[in-house]
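Visitor: start_36.cif (mmCIF, C-alpha atoms and all ligand atoms) pasted underneath:
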```
data_coords
loop_
_atom_site.label_atom_id
_atom_site.label_comp_id
_atom_site.auth_asym_id
_atom_site.auth_seq_id
_atom_site.Cartn_x
_atom_site.Cartn_y
_atom_site.Cartn_z
CA MET A 448 6.80 -11.70 -12.75
CA ARG A 449 5.06 -8.30 -12.98
CA ILE A 450 2.95 -7.60 -9.92
CA GLY A 451 0.56 -4.70 -9.40
CA ILE A 452 -0.40 -3.81 -5.86
CA LEU A 453 -3.73 -2.21 -4.95
CA GLY A 454 -3.17 -0.39 -1.67
CA THR A 455 -0.30 1.45 -0.02
CA GLY A 456 -0.49 0.22 3.59
CA SER A 457 1.21 -2.41 5.72
CA MET A 458 0.51 -5.47 3.56
CA ALA A 459 1.26 -3.61 0.33
CA THR A 460 4.70 -2.57 1.54
CA ALA A 461 5.57 -5.86 3.32
CA LEU A 462 4.61 -8.12 0.41
CA GLY A 463 5.85 -5.63 -2.17
CA GLY A 464 9.25 -5.59 -0.49
CA ALA A 465 9.35 -9.40 -0.39
CA TRP A 466 8.56 -9.56 -4.10
CA VAL A 467 11.18 -6.97 -5.03
CA ARG A 468 13.75 -8.99 -3.03
CA ALA A 469 12.63 -12.11 -4.92
CA GLY A 470 13.39 -10.37 -8.22
CA HIS A 471 9.86 -9.47 -9.36
CA GLN A 472 8.80 -6.17 -10.95
CA VAL A 473 6.34 -4.37 -8.69
CA LEU A 474 4.13 -1.32 -9.25
CA VAL A 475 2.29 0.10 -6.24
CA GLY A 476 -1.11 1.68 -6.89
CA GLY A 477 -3.18 3.76 -4.51
CA ARG A 478 -6.00 6.24 -4.48
CA ASN A 479 -3.58 8.73 -2.90
CA ALA A 480 -0.67 9.53 -5.23
CA ALA A 481 1.71 10.67 -2.46
CA ALA A 482 1.02 7.50 -0.43
CA ALA A 483 1.66 5.35 -3.51
CA ALA A 484 4.98 7.13 -4.11
CA ARG A 485 6.00 6.63 -0.45
CA ALA A 486 5.03 2.93 -0.52
CA ALA A 487 6.94 2.40 -3.77
CA ALA A 488 10.03 4.04 -2.26
CA ARG A 489 9.77 1.83 0.86
CA THR A 490 9.49 -1.37 -1.17
CA GLY A 491 11.97 -0.55 -3.91
CA ALA A 492 9.15 -0.98 -6.44
CA ALA A 493 9.74 -0.21 -10.10
CA GLY A 494 7.01 2.40 -10.04
CA HIS A 495 3.78 3.74 -8.63
CA GLY A 496 0.49 5.05 -9.91
CA GLY A 497 -3.25 4.89 -9.52
CA LEU A 498 -5.29 1.77 -8.79
CA ALA A 499 -6.20 1.12 -12.43
CA GLU A 500 -2.57 1.56 -13.46
CA ALA A 501 -1.43 -1.05 -10.93
CA ALA A 502 -4.17 -3.45 -12.02
CA ALA A 503 -3.11 -3.04 -15.66
CA TYR A 504 0.57 -3.59 -14.80
CA GLY A 505 0.52 -7.01 -13.21
CA GLU A 506 0.13 -10.58 -14.33
CA ALA A 507 -0.67 -10.83 -10.63
CA VAL A 508 -2.55 -8.10 -8.77
CA LEU A 509 -2.52 -7.96 -4.97
CA MET A 510 -5.72 -6.75 -3.33
CA ALA A 511 -4.32 -5.08 -0.18
CA VAL A 512 -7.30 -2.96 0.85
CA PRO A 513 -9.93 -3.45 3.58
CA ALA A 514 -12.04 -6.57 3.03
CA ASP A 515 -15.29 -4.64 2.77
CA SER A 516 -13.87 -2.46 -0.04
CA ALA A 517 -12.32 -5.26 -2.08
CA PRO A 518 -15.35 -6.60 -4.05
CA ARG A 519 -16.41 -3.07 -5.03
CA LEU A 520 -12.87 -2.26 -6.17
CA ALA A 521 -12.77 -5.53 -8.14
CA ARG A 522 -16.05 -4.56 -9.87
CA GLU A 523 -14.69 -1.12 -10.78
CA LEU A 524 -11.50 -2.65 -12.18
CA ALA A 525 -13.09 -5.78 -13.71
CA PRO A 526 -12.29 -4.96 -17.34
CA VAL A 527 -8.62 -4.35 -16.46
CA LEU A 528 -8.39 -7.41 -14.20
CA ALA A 529 -9.62 -9.78 -16.94
CA GLY A 530 -7.01 -12.43 -17.67
CA ARG A 531 -4.93 -11.58 -14.59
CA THR A 532 -4.64 -13.30 -11.22
CA VAL A 533 -5.99 -11.38 -8.24
CA LEU A 534 -4.18 -12.28 -5.00
CA ASP A 535 -6.66 -11.63 -2.21
CA CYS A 536 -5.04 -11.27 1.23
CA THR A 537 -7.99 -9.58 2.91
CA VAL A 538 -9.36 -10.67 6.29
CA PRO A 539 -13.06 -9.87 6.74
CA MET A 540 -13.52 -9.24 10.44
CA ALA A 541 -15.15 -6.94 12.94
CA ALA A 542 -14.72 -6.61 16.68
CA GLY A 543 -17.32 -8.43 18.77
CA PRO A 544 -17.88 -9.12 22.47
CA ASP A 545 -15.95 -12.40 22.28
CA GLY A 546 -13.21 -11.10 19.99
CA PRO A 547 -13.02 -10.58 16.23
CA SER A 548 -15.66 -12.32 14.11
CA PRO A 549 -15.92 -12.86 10.34
CA THR A 550 -18.09 -10.39 8.46
CA THR A 551 -18.94 -12.87 5.71
CA ALA A 552 -21.49 -15.68 5.97
CA GLY A 553 -18.95 -18.50 5.88
CA GLY A 554 -19.65 -21.70 3.96
CA THR A 555 -18.89 -20.86 0.35
CA ASP A 556 -19.26 -17.10 0.94
CA SER A 557 -15.92 -15.30 1.23
CA VAL A 558 -14.32 -12.05 0.11
CA ALA A 559 -12.40 -14.07 -2.46
CA ALA A 560 -15.62 -15.54 -3.90
CA ARG A 561 -17.15 -12.04 -3.97
CA ILE A 562 -14.10 -10.67 -5.82
CA SER A 563 -14.41 -13.51 -8.31
CA ALA A 564 -18.09 -12.76 -8.86
CA ALA A 565 -17.28 -9.04 -9.28
CA ALA A 566 -14.46 -9.66 -11.77
CA PRO A 567 -15.51 -12.94 -13.42
CA ASP A 568 -12.80 -12.88 -16.10
CA ALA A 569 -9.98 -12.70 -13.55
CA GLY A 570 -8.48 -15.69 -11.76
CA VAL A 571 -8.60 -15.26 -7.99
CA ALA A 572 -6.51 -16.80 -5.23
CA LYS A 573 -7.04 -16.39 -1.49
CA VAL A 574 -3.49 -16.20 -0.14
CA PHE A 575 -1.08 -14.34 2.19
CA GLY A 576 -3.83 -13.44 4.70
CA ILE A 577 -2.90 -15.87 7.49
CA CYS A 578 0.35 -14.27 8.68
CA HIS A 579 0.91 -10.89 10.25
CA GLU A 580 2.48 -8.47 7.76
CA SER A 581 5.79 -8.47 9.66
CA ILE A 582 6.45 -12.06 8.56
CA TRP A 583 6.76 -10.91 4.94
CA THR A 584 9.58 -8.53 5.88
CA LEU A 585 11.78 -11.51 6.79
CA PRO A 586 14.11 -12.65 4.03
CA ARG A 587 12.99 -16.21 3.08
CA PRO A 588 10.84 -16.86 6.18
CA ALA A 589 11.56 -20.25 7.79
CA PHE A 590 10.72 -21.59 11.23
CA GLU A 591 12.05 -24.64 13.10
CA GLY A 592 14.15 -25.43 10.05
CA ALA A 593 11.24 -25.49 7.60
CA PRO A 594 10.22 -22.86 5.07
CA LEU A 595 7.00 -21.04 5.89
CA ALA A 596 4.02 -22.95 4.48
CA VAL A 597 1.63 -20.64 2.66
CA PRO A 598 -1.89 -22.02 2.24
CA PHE A 599 -3.97 -20.84 -0.69
CA CYS A 600 -7.29 -21.49 -2.42
CA ALA A 601 -7.46 -20.71 -6.12
CA GLY A 602 -10.39 -20.38 -8.49
CA THR A 603 -8.62 -21.51 -11.65
CA PRO A 604 -5.67 -23.77 -12.51
CA ALA A 605 -3.81 -20.75 -13.92
CA ALA A 606 -4.31 -18.79 -10.69
CA ALA A 607 -3.16 -21.81 -8.68
CA ALA A 608 -0.03 -22.24 -10.81
CA LEU A 609 0.93 -18.56 -10.64
CA THR A 610 0.32 -18.41 -6.87
CA GLY A 611 2.41 -21.51 -6.26
CA GLU A 612 5.23 -20.13 -8.42
CA LEU A 613 5.17 -16.81 -6.56
CA ILE A 614 5.28 -18.51 -3.14
CA VAL A 615 8.25 -20.66 -4.17
CA SER A 616 10.08 -17.55 -5.44
CA MET A 617 9.78 -16.10 -1.91
CA GLY A 618 11.53 -19.13 -0.42
CA CYS A 619 8.26 -20.43 1.04
CA SER A 620 6.34 -23.66 0.56
CA PRO A 621 3.01 -23.56 -1.32
CA LEU A 622 0.13 -25.36 0.40
CA PRO A 623 -2.81 -25.74 -2.02
CA CYS A 624 -6.07 -26.00 -0.06
CA GLY A 625 -8.58 -26.39 -2.88
CA GLY A 626 -10.79 -24.06 -4.86
CA LEU A 627 -12.42 -20.76 -4.00
CA SER A 628 -15.38 -22.56 -2.42
CA ARG A 629 -12.95 -23.27 0.44
CA ALA A 630 -11.54 -19.72 0.73
CA ALA A 631 -13.83 -18.98 3.69
CA LEU A 632 -11.83 -21.56 5.66
CA LEU A 633 -8.67 -19.49 5.22
CA GLU A 634 -10.50 -16.27 6.04
CA SER A 635 -11.97 -17.80 9.21
CA ALA A 636 -8.59 -19.23 10.19
CA ALA A 637 -7.09 -15.74 9.91
CA VAL A 638 -9.85 -14.24 12.05
CA LEU A 639 -9.33 -16.99 14.64
CA ALA A 640 -5.57 -16.35 14.64
CA VAL A 641 -6.09 -12.63 15.21
CA GLY A 642 -8.41 -13.46 18.13
CA VAL A 643 -5.77 -15.74 19.65
CA TRP A 644 -3.12 -13.00 19.37
CA TRP A 645 -5.44 -10.36 20.80
CA SER A 646 -6.22 -12.58 23.79
CA GLY A 647 -2.50 -13.01 24.48
CA GLY A 648 -2.23 -16.56 23.08
CA GLU A 649 0.35 -17.92 20.70
CA VAL A 650 -1.11 -19.36 17.51
CA ARG A 651 1.83 -21.65 16.78
CA HIS A 652 1.15 -23.45 20.09
CA VAL A 653 -2.37 -24.35 18.96
CA PHE A 654 -1.55 -26.80 16.16
CA PRO A 655 1.35 -29.00 17.35
CA SER A 656 2.30 -31.95 15.20
CA PRO A 657 1.08 -35.34 16.47
CA ALA A 658 4.66 -36.46 15.76
CA LEU A 659 5.65 -34.54 18.90
CA ALA A 660 3.63 -36.96 21.10
CA PRO A 661 6.03 -39.82 21.88
CA GLY A 662 4.43 -43.22 21.36
CA ALA A 663 1.27 -41.78 19.81
CA VAL A 664 -0.47 -44.11 17.36
CA ASP A 665 -1.23 -42.38 14.06
CA ASP A 666 -4.81 -43.39 13.24
CA GLY A 667 -5.01 -40.79 10.48
CA PRO A 668 -7.53 -37.95 10.41
N1 LIG B 701 -1.74 -5.92 8.55
C1 LIG B 701 -1.66 -7.26 8.60
O1 LIG B 701 -0.84 -7.83 9.37
C2 LIG B 701 -2.56 -8.09 7.74
C3 LIG B 701 -2.37 -9.49 7.72
C4 LIG B 701 -3.16 -10.28 6.89
C5 LIG B 701 -4.14 -9.68 6.09
N2 LIG B 701 -4.34 -8.33 6.15
C6 LIG B 701 -5.37 -7.77 5.27
O2 LIG B 701 -4.72 -7.00 4.25
C7 LIG B 701 -5.56 -5.92 3.85
C8 LIG B 701 -4.74 -4.63 3.96
O3 LIG B 701 -4.34 -4.49 5.32
P1 LIG B 701 -3.25 -3.42 5.74
O4 LIG B 701 -2.84 -3.79 7.13
O5 LIG B 701 -2.24 -3.26 4.69
O6 LIG B 701 -4.17 -2.10 5.83
P2 LIG B 701 -3.69 -0.58 5.83
O7 LIG B 701 -2.28 -0.46 6.26
O8 LIG B 701 -4.75 0.14 6.60
O9 LIG B 701 -3.79 -0.16 4.27
C9 LIG B 701 -5.01 -0.20 3.62
C10 LIG B 701 -4.86 0.39 2.23
O10 LIG B 701 -6.12 0.28 1.57
C11 LIG B 701 -6.44 1.55 0.99
N3 LIG B 701 -7.90 1.67 0.88
C12 LIG B 701 -8.80 1.73 1.88
N4 LIG B 701 -10.04 1.78 1.38
C13 LIG B 701 -9.91 1.78 0.03
C14 LIG B 701 -10.84 1.83 -1.04
N5 LIG B 701 -12.17 1.89 -0.83
N6 LIG B 701 -10.36 1.82 -2.30
C15 LIG B 701 -9.03 1.75 -2.53
N7 LIG B 701 -8.10 1.70 -1.56
C16 LIG B 701 -8.55 1.70 -0.29
C17 LIG B 701 -5.82 2.56 1.93
O11 LIG B 701 -5.69 3.76 1.23
P3 LIG B 701 -5.79 5.18 1.97
O12 LIG B 701 -4.47 5.37 2.68
O13 LIG B 701 -6.03 6.13 0.85
O14 LIG B 701 -6.93 5.08 2.95
C18 LIG B 701 -4.49 1.88 2.21
O15 LIG B 701 -3.58 2.12 1.16
C19 LIG B 701 -6.78 -5.91 4.79
O16 LIG B 701 -7.86 -6.51 4.13
C20 LIG B 701 -6.32 -6.79 5.96
O17 LIG B 701 -7.41 -7.50 6.54
C21 LIG B 701 -3.58 -7.52 6.95
#
```
Would you mind writing the file out in structure tokens?

Guide:
Amino acid sequence: MRIGILGTGSMATALGGAWVRAGHQVLVGGRNAAAAARAAARTGAAGHGGLAEAAAYGEAVLMAVPADSAPRLARELAPVLAGRTVLDCTVPMAAGPDGPSPTTAGGTDSVAARISAAAPDAGVAKVFGICHESIWTLPRPAFEGAPLAVPFCAGTPAAAALTGELIVSMGCSPLPCGGLSRAALLESAAVLAVGVWWSGGEVRHVFPSPALAPGAVDDGP
């Protein structure tokens, strides 16, 4: 698969490297040419260029920029993004007195929904925003004997299919969570996870399987 990356920072290089290892063709695009060249060298990408070049390169286009910049960038690139799948990993958050809080309204409002409104002819998937970037540097991430589950919300069947295929190619397990109207759930979950980490907690201790409670009766959700 050809993947264009918008951004040259931590997520761009971590996911770009994972995709190169998985056999995909990657082009890193940034607003700073030297940073794009450095990120491409770090990931082993096939090339680098400007933001529009990266958007035009990929069947899939990763949005790896700050959340508050992403909808504007999607609007600027909308004609180029038409017919492609935008992978939105952004986490909209700001520091508050009780820890990080979402900067979107919640409900059906999310960065992913705003990107979709800004580039209406692109498919959009909210994905890859839950884990810290370091997880994507692991070859085929798996924990406790199971491949990493990657939740995603997609706006179109084509975006869902491409996202699922990409996740499988990384050795991970796709976890479809519905359409873009549910993307705010993933964004809020990421903000909550960051807050847990910042407060010294361990996120994986927060959601233990009921199967770990001996003798528990499974009454369903
Ligand atoms: N780091 C993580 O562990 C992690 C995990 C999950 C999700 N995320 C999300 O992933 C996204 C990227 O995070 P990151 O950690 O990779 O950030 P980062 O290392 O700070 O990189 C951000 C990139 O965005 C570019 N950028 C900033 N404003 C821009 C604009 N207006 N137009 C175009 N490019 C712009 C920066 O370019 P310049 O160098 O030119 O400023 C840089 O290349 C964020 O939305 C973050 O919430 C991060």

Visitor: Tell me which protein, DNA and RNA residues are within 12 Å of A:Ala564, counting all atoms listed in the file, leaving out same-chain ones fewer than 6 positions away, and put them as a ChimeraX atom specification.

Guide: /A:517-519,521-522,525,556-558,570-571,602,627

Visitor: Which one is closest to ligand LIG 701 (chain B): A:Ala503, A:Met448, A:Ala559, A:Leu528? Count all atoms listed in the file.

Guide: A:Ala559

Visitor: Hey, what's within 9 Å of A:Ala511 if we count only C-alpha atoms and toss same-chain stuff fewer than 5 positions away? As a list in words, please?

Guide: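 The residues satisfying every condition are Ile452, Leu453, Gly454, Thr455, Gly456, Ser457, Met458, Ala459, Ala517, Leu534, Asp535, Cys536 and Thr537 of chain A.
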
Visitor: Return as a PyMOL selection string the residues of protein, DNA or RNA that approach ligand LIG 701 (chain B) to within 10 Å, with only C-alpha atoms and all ligand atoms taken into account.

Guide: chain A and resi 452-462+475-483+486+497-498+509-521+523+535-540+558+574-583+634+637-638+641

Visitor: Please, which residues in stretch 538-602 of chain A fall within 7 Å of stretch 616-623 of chain A when counting only C-alpha atoms, and what is the closest atom pair and distance in Å to one decimal for each, ordered by chain then residue number, as a Markdown table?

Guide:
```
| residue | atom | partner | partner_atom | distance |
| --- | --- | --- | --- | --- |
| A:Arg587 | CA | A:Gly618 | CA | 4.8 |
| A:Pro588 | CA | A:Cys619 | CA | 6.8 |
| A:Pro594 | CA | A:Cys619 | CA | 5.1 |
| A:Leu595 | CA | A:Cys619 | CA | 5.0 |
| A:Ala596 | CA | A:Ser620 | CA | 4.6 |
| A:Val597 | CA | A:Pro621 | CA | 5.1 |
| A:Pro598 | CA | A:Leu622 | CA | 4.3 |
| A:Phe599 | CA | A:Pro623 | CA | 5.2 |
| A:Cys600 | CA | A:Pro623 | CA | 6.2 |
```

Visitor: Ranking A:Leu659, A:Val527, A:Ala630, A:Ala607 by minimum distance to A:Ala566 and counting all atoms listed in the file, which one comes first?

Guide: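 Among the listed residues, A:Val527 lies closest to A:Ala566.
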
Visitor: Regenerate stretch 565-576 of chain A at the level of all heavy atoms and dump it as a PDB file, in the coordinates of the input.

Guide:
```pdb
ATOM      1  N   ALA A 565     -17.336 -10.437  -8.811  1.00  0.00           N
ATOM      2  CA  ALA A 565     -17.280  -9.040  -9.280  1.00  0.00           C
ATOM      3  C   ALA A 565     -16.398  -8.875 -10.512  1.00  0.00           C
ATOM      4  O   ALA A 565     -16.623  -7.977 -11.320  1.00  0.00           O
ATOM      5  CB  ALA A 565     -16.772  -8.150  -8.151  1.00  0.00           C
ATOM      6  N   ALA A 566     -15.382  -9.733 -10.626  1.00  0.00           N
ATOM      7  CA  ALA A 566     -14.460  -9.660 -11.770  1.00  0.00           C
ATOM      8  C   ALA A 566     -14.350 -11.077 -12.356  1.00  0.00           C
ATOM      9  O   ALA A 566     -13.336 -11.758 -12.190  1.00  0.00           O
ATOM     10  CB  ALA A 566     -13.092  -9.155 -11.315  1.00  0.00           C
ATOM     11  N   PRO A 567     -15.415 -11.520 -13.043  1.00  0.00           N
ATOM     12  CA  PRO A 567     -15.510 -12.940 -13.420  1.00  0.00           C
ATOM     13  C   PRO A 567     -14.463 -13.401 -14.428  1.00  0.00           C
ATOM     14  O   PRO A 567     -14.237 -14.600 -14.555  1.00  0.00           O
ATOM     15  CB  PRO A 567     -16.930 -13.057 -14.011  1.00  0.00           C
ATOM     16  CG  PRO A 567     -17.351 -11.660 -14.328  1.00  0.00           C
ATOM     17  CD  PRO A 567     -16.600 -10.748 -13.425  1.00  0.00           C
ATOM     18  N   ASP A 568     -13.811 -12.474 -15.121  1.00  0.00           N
ATOM     19  CA  ASP A 568     -12.800 -12.880 -16.100  1.00  0.00           C
ATOM     20  C   ASP A 568     -11.386 -12.868 -15.538  1.00  0.00           C
ATOM     21  O   ASP A 568     -10.405 -13.078 -16.260  1.00  0.00           O
ATOM     22  CB  ASP A 568     -12.889 -12.000 -17.352  1.00  0.00           C
ATOM     23  CG  ASP A 568     -14.229 -12.195 -18.059  1.00  0.00           C
ATOM     24  OD1 ASP A 568     -14.732 -13.335 -18.049  1.00  0.00           O
ATOM     25  OD2 ASP A 568     -14.787 -11.203 -18.573  1.00  0.00           O
ATOM     26  N   ALA A 569     -11.280 -12.617 -14.224  1.00  0.00           N
ATOM     27  CA  ALA A 569      -9.980 -12.700 -13.550  1.00  0.00           C
ATOM     28  C   ALA A 569      -9.900 -14.045 -12.831  1.00  0.00           C
ATOM     29  O   ALA A 569     -10.914 -14.600 -12.418  1.00  0.00           O
ATOM     30  CB  ALA A 569      -9.840 -11.569 -12.538  1.00  0.00           C
ATOM     31  N   GLY A 570      -8.687 -14.576 -12.680  1.00  0.00           N
ATOM     32  CA  GLY A 570      -8.480 -15.690 -11.760  1.00  0.00           C
ATOM     33  C   GLY A 570      -8.282 -15.088 -10.371  1.00  0.00           C
ATOM     34  O   GLY A 570      -7.743 -13.983 -10.256  1.00  0.00           O
ATOM     35  N   VAL A 571      -8.734 -15.789  -9.356  1.00  0.00           N
ATOM     36  CA  VAL A 571      -8.600 -15.260  -7.990  1.00  0.00           C
ATOM     37  C   VAL A 571      -7.968 -16.328  -7.105  1.00  0.00           C
ATOM     38  O   VAL A 571      -8.298 -17.514  -7.219  1.00  0.00           O
ATOM     39  CB  VAL A 571      -9.978 -14.853  -7.408  1.00  0.00           C
ATOM     40  CG1 VAL A 571      -9.841 -14.371  -5.963  1.00  0.00           C
ATOM     41  CG2 VAL A 571     -10.623 -13.761  -8.268  1.00  0.00           C
ATOM     42  N   ALA A 572      -7.058 -15.885  -6.236  1.00  0.00           N
ATOM     43  CA  ALA A 572      -6.510 -16.800  -5.230  1.00  0.00           C
ATOM     44  C   ALA A 572      -6.594 -16.123  -3.868  1.00  0.00           C
ATOM     45  O   ALA A 572      -6.274 -14.936  -3.734  1.00  0.00           O
ATOM     46  CB  ALA A 572      -5.051 -17.140  -5.536  1.00  0.00           C
ATOM     47  N   LYS A 573      -7.065 -16.857  -2.892  1.00  0.00           N
ATOM     48  CA  LYS A 573      -7.040 -16.390  -1.490  1.00  0.00           C
ATOM     49  C   LYS A 573      -5.700 -16.813  -0.931  1.00  0.00           C
ATOM     50  O   LYS A 573      -5.386 -18.013  -0.858  1.00  0.00           O
ATOM     51  CB  LYS A 573      -8.151 -17.067  -0.689  1.00  0.00           C
ATOM     52  CG  LYS A 573      -8.267 -16.517   0.720  1.00  0.00           C
ATOM     53  CD  LYS A 573      -9.120 -15.285   0.721  1.00  0.00           C
ATOM     54  CE  LYS A 573      -8.748 -14.257   1.758  1.00  0.00           C
ATOM     55  NZ  LYS A 573      -9.604 -13.070   1.673  1.00  0.00           N
ATOM     56  N   VAL A 574      -4.876 -15.851  -0.508  1.00  0.00           N
ATOM     57  CA  VAL A 574      -3.490 -16.200  -0.140  1.00  0.00           C
ATOM     58  C   VAL A 574      -2.860 -15.032   0.628  1.00  0.00           C
ATOM     59  O   VAL A 574      -3.277 -13.882   0.473  1.00  0.00           O
ATOM     60  CB  VAL A 574      -2.668 -16.534  -1.410  1.00  0.00           C
ATOM     61  CG1 VAL A 574      -2.551 -15.350  -2.362  1.00  0.00           C
ATOM     62  CG2 VAL A 574      -1.292 -17.092  -1.055  1.00  0.00           C
ATOM     63  N   PHE A 575      -1.892 -15.321   1.458  1.00  0.00           N
ATOM     64  CA  PHE A 575      -1.080 -14.340   2.190  1.00  0.00           C
ATOM     65  C   PHE A 575      -1.839 -13.640   3.329  1.00  0.00           C
ATOM     66  O   PHE A 575      -1.317 -12.685   3.899  1.00  0.00           O
ATOM     67  CB  PHE A 575      -0.479 -13.256   1.266  1.00  0.00           C
ATOM     68  CG  PHE A 575       0.412 -13.801   0.178  1.00  0.00           C
ATOM     69  CD1 PHE A 575       0.162 -13.505  -1.165  1.00  0.00           C
ATOM     70  CD2 PHE A 575       1.498 -14.607   0.490  1.00  0.00           C
ATOM     71  CE1 PHE A 575       0.980 -14.004  -2.178  1.00  0.00           C
ATOM     72  CE2 PHE A 575       2.323 -15.111  -0.523  1.00  0.00           C
ATOM     73  CZ  PHE A 575       2.065 -14.813  -1.850  1.00  0.00           C
ATOM     74  N   GLY A 576      -3.054 -14.114   3.664  1.00  0.00           N
ATOM     75  CA  GLY A 576      -3.830 -13.440   4.700  1.00  0.00           C
ATOM     76  C   GLY A 576      -3.671 -14.043   6.092  1.00  0.00           C
ATOM     77  O   GLY A 576      -4.165 -13.490   7.064  1.00  0.00           O
TER      78      GLY A 576
END
```
